[in-house]
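Just below is one structure, and these are the notes that go with it.
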Protein chains: 4
Amino acid sequence: MSTRVAIVGASGYSGEELVRLLLHHPHAELVAVTSRQSAGQTVAQVFPRFASHPKARALRFTEPDAAVLARVADVVMLALPHGVAAEYAIPLLAAGRTVIDLSADFRLRSAATYAEFYGHPHPAPGLLETAVYGLPEFYREAIRQTRLVASPGCYPTSILLPLLPLLRAGLVRPTGIIADSLSGVTGAGRKAEVDYLFCECNESLRAYGVPKHRHLSEIEEQLSLAAGQSVTIQFTPHLVPVNRGIHTTLYLAPTTAFQTPAETMALSEKIGACYAAAYAHEPFVRVLEGKSMPDTKNVVGTNYLELAWRLDPRTGRLIVLSAEDNLLKGASGQAVQSLNILCGYPETAGLLPG
Amino acid sequence: MSTRVAIVGASGYSGEELVRLLLHHPHAELVAVTSRQSAGQTVAQVFPRFASHPKARALRFTEPDAAVLARVADVVMLALPHGVAAEYAIPLLAAGRTVIDLSADFRLRSAATYAEFYGHPHPAPGLLETAVYGLPEFYREAIRQTRLVASPGCYPTSILLPLLPLLRAGLVRPTGIIADSLSGVTGAGRKAEVDYLFCECNESLRAYGVPKHRHLSEIEEQLSLAAGQSVTIQFTPHLVPVNRGIHTTLYLAPTTAFQTPAETMALSEKIGACYAAAYAHEPFVRVLEGKSMPDTKNVVGTNYLELAWRLDPRTGRLIVLSAEDNLLKGASGQAVQSLNILCGYPETAGLLPG
Amino acid sequence: MSTRVAIVGASGYSGEELVRLLLHHPHAELVAVTSRQSAGQTVAQVFPRFASHPKARALRFTEPDAAVLARVADVVMLALPHGVAAEYAIPLLAAGRTVIDLSADFRLRSAATYAEFYGHPHPAPGLLETAVYGLPEFYREAIRQTRLVASPGCYPTSILLPLLPLLRAGLVRPTGIIADSLSGVTGAGRKAEVDYLFCECNESLRAYGVPKHRHLSEIEEQLSLAAGQSVTIQFTPHLVPVNRGIHTTLYLAPTTAFQTPAETMALSEKIGACYAAAYAHEPFVRVLEGKSMPDTKNVVGTNYLELAWRLDPRTGRLIVLSAEDNLLKGASGQAVQSLNILCGYPETAGLLPG
Amino acid sequence: MSTRVAIVGASGYSGEELVRLLLHHPHAELVAVTSRQSAGQTVAQVFPRFASHPKARALRFTEPDAAVLARVADVVMLALPHGVAAEYAIPLLAAGRTVIDLSADFRLRSAATYAEFYGHPHPAPGLLETAVYGLPEFYREAIRQTRLVASPGCYPTSILLPLLPLLRAGLVRPTGIIADSLSGVTGAGRKAEVDYLFCECNESLRAYGVPKHRHLSEIEEQLSLAAGQSVTIQFTPHLVPVNRGIHTTLYLAPTTAFQTPAETMALSEKIGACYAAAYAHEPFVRVLEGKSMPDTKNVVGTNYLELAWRLDPRTGRLIVLSAEDNLLKGASGQAVQSLNILCGYPETAGLLPG
């Protein structure tokens, strides 16, 4: 029995990836795609890349309408701007549907934090406690039982997956954490703005959102939960000229001092064991060995996040580096991973590469 | 004595290059820059690249006003869309100013051709016969004496400079000509359109404007003048992911047959002599020797056009290839070359590289 | 029953794509990969992208040895330079194995043409008549029955698929044909040469191999077979800064004159019908409709070739444009398509996107 | 009176920029360029970009020979790998010439640190105390009086210029400093290695040299001198797909606490005043105002470094960001700046943009 899935706001980059994954998903049936600007056009017309798929030629974009969506779909995936997603989630949940929201609307437990970072009151604070943060490696059981998944942001995924196991195990201090991230330009969305024109991004390297990017809110809330205390971190995103991919470099302070080779080796083994315990059986997290370093070109187009770490006895720091595809493990792939969990399918269904 | 120069429509890519060239020009003084959207901001604010130049910090963009421009400038350079440029050219010429127009408005001698290719009647047909096509290599004397220069388009420059000497010398037939061009994305202008977003252009190769691109009108008019008969050509532009640069490949039929090595050598010598006669003393056209092939990376950032040719005894064709910077020799550099000619300055003033 | 497949020369870009396709192929089992430089390393070490695949972690590159390959594999795919491939093909065929060769060694029927274009005598002229040119759309039945498939080159595929149906139907003249192609840099292979360094290719547009590129030999041989007469064409490849993708623009002369809208419409219908007859049921050729133009970003990562055409009444020419992934439909994807045909699997097995 | 300058090792990317700058320098005469691999070719043949310059057509690369160089040049600039540069510097200095070395050979005062970071004993430890670190903003007077300038590395320049004024003024702590840098691929040199092929770098983001990159040695030595105590920092370089440009993000701890808006404002004013004192009169350092952020596209092709800073009351940190062209302010432009100082020319001679 396949699950009927609808995508709201399907004309952006995340939406396009959702469409792609669902067109080829063995157990999901894509029954509706909506977009105000593309309504009336077929999927094949909006995304010529899918033009050979019979369903892409048949299925037309419609205006989004929660009542219609509730009728035709079992699960509705929202690829909408924050603030707008809640407008659809509320009636869909009321109608008994399951919602997987890729926006920031339900990622926080605290409505006050939402208001602080997003600049307006939360549109549906009552739903925050029912929502589950859709990071399968840490919330798999909760995802299985919820009807509202708040799929994590791209930067948060690239930071939380390397960091949560270490914090939970008490291997690194929850203070002084720095995350320095590089993102491809799909991260800015398919918006007609001069800043994201080819010639404004090509041959350009620049930071932005310094020092208080919105994604800090969900990163810090998750880190605080893991650490059992309030965590504040430094986060600097940079825009670099690739289509897809996020690379994050984390600067951490181990709770155990190390200087001698023996101390370094001992700590290294603890970290390795911590990651092995967390990820050895995870289908989509890859801990690199030896001299290998994460490289976005090895994960783009897949749902994998890869990570590596280095201890620096000179500074006493632990450096952890991660790479992911911002549109897959950082957005749509992870959302489909949650869909699989929710529906009881194999977690990798429809996600093995390509 | 320096010349006072104003730039109208200075906030696009061609405008930015004009600003750059004029900020460092030894004999020109940049007295005004206009742009509706940037009015009130300094040049340094709009173009952070120039922020260390004292004049860029002092000079502010203003709303365009022909009466004001006529008062403060001797020469006004128009970097405006076609159709709009004429609105400024008319009063400025009437006020006795000199106009160098980078738009298509005055490039054609025939108002009918303008209407055919641009889709509306010409806004000032009476001015067409006074305008001079600003290709210095072929209209240097006329440029010296006019007050209205119509600076050529980027594609036309890349096609006409390789082709005009051969046509004038009767070395190639005026029929069956094909021009296949590749252009960087600055050619599309600094417009907030989805088609020119980084992620829509990066890792993309596509043709457009097939088969009747607007630039055909001025190319064919100039070729017809050179050939002494009406010339129609095939022209296919392609958009490729570089910021700057046009590469053109021309497919031509020599008027002399060649098949044997001796025939090929003899024709090759004629072509070499033809180009030498045309360009040996030209400061900005470079005819490559030996096995060298034009490469946009060797001309981007300069006002040079480089070209090479190959005879193909298998097909009886002559292939000519050219490379230029679409914003310099294809637009603003060539316009400054005309400015230098008009004002009696050395033709290379302010144009040697960088 | 799965087929045991080995890849010889698997460490280049085409080899990497073959590995990727075969790791996920439902009916093929990758049993050996060879590479002198990578011998001893696992597939996961050489290609970190595949590191999560169990077989990639288990399978090690070996030195190429025809006797060993003949023992372990049913089908051997050769991703080797021309001249070298034949050395392996000869003993493997003698041992009763099936060979799919991605090099140029067996693409020509004429050993004399091979010697002319490749500069040395053909290493195994006796095999040329048994080899089948692996373009499934035109040689499907022959592929099914051969043990030696010569998989076509990347440029030839992008030219032949648009052109063969028109030539066969007599809709275009076999004379005066021009093919102007743009290729991504994977086309140059994974060779440590200065010309293909990032900084030598990025922001660069250049032609090469003018006027007599080696791929002309197989293109012209195939066109001659289709036209029933000897065909010589003009072909100009250009190197442009994308990883993957070939875009080809073909300039053709229809055999029927057209000038009026009615004539143009009539000819357009004939061309449309010709392509429909050729490709309506082909799984990997997409004929675009309406205003759509081929764009490599819509086919990269897939085995599709897409094409569009325009009639130009001004010049009397037909322009046909195509786009493909040079590593898939232009190399490894097409080779797997032949594998599927040979083995009696569904032709799309292991090739639907990703 | 012009200065006769020779460049040893002129065929790499830094060498090419030195050639470009000296071909157009108003007071320097380029008298010799050497390169083993390019010996015998003209500058125009090796660098087609300069083909229109008469001197580039006339001057030929020669084999490097210290005796010859000492005869023909007043100043010799060394664009060689570390370890090799000293071989030329020793005899040239002995012959009374002035040497500007772009390698790492003379950047350190401590031969022991050199041996630790470069893996072999220093080739000429006796020269270390006579060498001057060629960072004009901090060593201008010493440069004026030396005959051996050790021009700084690209990463060090991007880190030291933002950091030295703050450390000297005691505004930030010398402990816990983190520098996270992004570099374009010219930083890897013009070496034929697979890692730097177009397709290996394009669409790739990766860190390297973690945690102990060689440039740390000169960075830490300079920071230690400024702080008056031994300084150890964390430094992570990343390779990103642009040709040119380095972007550095520095994470610093101010010595004064700040949390309230008033405290933040007060500290911000101190930092602003510190930078103004350091750089208001410097020709090549640009401190950005308002919301502007450094962007490599605004400095590539120029000798400027631009920087901005942000205080983060949430974390108590100061973030400083800088952008430069790794080949100009990070290498050849800065070396010419030293040349100008040494020779008593205006410091900006030959360096204003372009």
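Ligands are numbered from 1 in the order shown, chains are lettered A, B, ... in the order of the structure tokens, and residues start at 1 in each chain.
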Residues of stretch 149-222 of chain D in helix (DSSP H, G or I), written as number ranges by chain: D: 154-168, 185-188, 194-196, 198-201, 216-222
Residue list for chain B near chain A as a count of residues only, 10 Å, only C-alpha atoms: 25
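The environment of C:Arg71 within 12 Å, counting only C-alpha atoms and disregarding residues fewer than 4 places along the same chain, consists of Arg4, Val5, Ala6, Val31, Ala32, Asp65, Ala66, Ala67, Val75, Val76, Pro91, Leu92, Ala95, Gly96 and Arg97 of chain C.
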Surrounding residues of C:Tyr304 excluding itself and chain neighbours under 2 positions, 9 Å, only C-alpha atoms, as a PyMOL selection string: (chain A and resi 52) or (chain C and resi 283-286+298-302+306+323-325+328-329)
Generate the output file for the selected residues, N, CA, C and O atoms, as a short mmCIF file (atom, residue, chain, number, x, y, z; two decimals), in the first residue's frame.
data_model
loop_
_atom_site.label_atom_id
_atom_site.label_comp_id
_atom_site.auth_asym_id
_atom_site.auth_seq_id
_atom_site.Cartn_x
_atom_site.Cartn_y
_atom_site.Cartn_z
N SER A 52 10.76 13.23 -18.81
CA SER A 52 10.52 11.88 -19.33
C SER A 52 9.71 11.01 -18.39
O SER A 52 9.39 9.86 -18.72
N PRO C 283 13.50 5.09 -24.86
CA PRO C 283 13.47 5.49 -23.45
C PRO C 283 14.39 6.66 -23.11
O PRO C 283 14.18 7.33 -22.11
N PHE C 284 15.42 6.92 -23.93
CA PHE C 284 16.43 7.89 -23.50
C PHE C 284 16.62 9.07 -24.43
O PHE C 284 17.61 9.80 -24.31
N VAL C 285 15.72 9.27 -25.38
CA VAL C 285 15.81 10.45 -26.25
C VAL C 285 14.54 11.26 -26.07
O VAL C 285 13.44 10.72 -26.14
N ARG C 286 14.72 12.53 -25.83
CA ARG C 286 13.60 13.40 -25.49
C ARG C 286 13.55 14.52 -26.52
O ARG C 286 14.52 15.29 -26.65
N ASN C 298 19.52 20.01 -17.44
CA ASN C 298 18.34 19.15 -17.37
C ASN C 298 18.63 17.69 -17.69
O ASN C 298 17.74 16.84 -17.56
N VAL C 299 19.83 17.39 -18.13
CA VAL C 299 20.15 15.99 -18.46
C VAL C 299 21.36 15.47 -17.71
O VAL C 299 21.58 14.24 -17.65
N VAL C 300 22.16 16.37 -17.14
CA VAL C 300 23.35 15.90 -16.42
C VAL C 300 22.92 15.01 -15.26
O VAL C 300 21.97 15.31 -14.55
N GLY C 301 23.60 13.90 -15.10
CA GLY C 301 23.25 12.93 -14.07
C GLY C 301 22.24 11.91 -14.56
O GLY C 301 21.85 11.02 -13.79
N THR C 302 21.81 12.04 -15.81
CA THR C 302 20.84 11.08 -16.37
C THR C 302 21.38 10.51 -17.69
O THR C 302 22.36 11.01 -18.23
N GLU C 306 18.47 15.26 -24.86
CA GLU C 306 17.29 16.00 -25.30
C GLU C 306 17.66 16.84 -26.51
O GLU C 306 18.80 17.26 -26.67
N ALA C 323 21.45 18.19 -26.05
CA ALA C 323 22.18 18.22 -24.77
C ALA C 323 22.20 16.82 -24.18
O ALA C 323 21.20 16.11 -24.25
N GLU C 324 23.33 16.45 -23.60
CA GLU C 324 23.47 15.13 -22.96
C GLU C 324 24.51 15.25 -21.87
O GLU C 324 25.27 16.22 -21.80
N ASP C 325 24.58 14.25 -21.02
CA ASP C 325 25.68 14.12 -20.07
C ASP C 325 26.77 13.34 -20.78
O ASP C 325 26.56 12.17 -21.16
N LEU C 328 27.37 9.96 -19.29
CA LEU C 328 26.30 8.95 -19.24
C LEU C 328 25.84 8.60 -20.65
O LEU C 328 26.38 7.69 -21.25
N LYS C 329 24.89 9.34 -21.21
CA LYS C 329 24.51 8.99 -22.58
C LYS C 329 25.72 9.08 -23.50
O LYS C 329 25.80 8.36 -24.51
#
Close residues, B:Ala179 itself excluded, 8 Å, only C-alpha atoms, min 4 positions apart in chain, as a list in words: Ile159, Ile233, Gln234, Phe235, Thr236, Thr248, Thr249, Leu250 and Tyr251 of chain B
Keeping only C-alpha atoms, write the selected residues as a PDB file, in the first residue's frame.
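Result saved to selection.pdb:
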ATOM      1  CA  ILE B 159      31.705  38.870 -35.374  1.00  0.00           C
ATOM      2  CA  ILE B 233      23.722  35.264 -41.735  1.00  0.00           C
ATOM      3  CA  GLN B 234      22.976  32.527 -39.259  1.00  0.00           C
ATOM      4  CA  PHE B 235      23.744  33.487 -35.666  1.00  0.00           C
ATOM      5  CA  THR B 236      23.357  31.319 -32.553  1.00  0.00           C
ATOM      6  CA  THR B 248      32.713  33.360 -31.506  1.00  0.00           C
ATOM      7  CA  THR B 249      33.332  30.670 -34.109  1.00  0.00           C
ATOM      8  CA  LEU B 250      32.678  31.742 -37.709  1.00  0.00           C
ATOM      9  CA  TYR B 251      32.111  29.303 -40.558  1.00  0.00           C
TER      10      TYR B 251
END
Separation of atom CA of A:Asp312 from atom CA of D:Pro211 in Å: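 Interatomic distance here is 6.0 Å.
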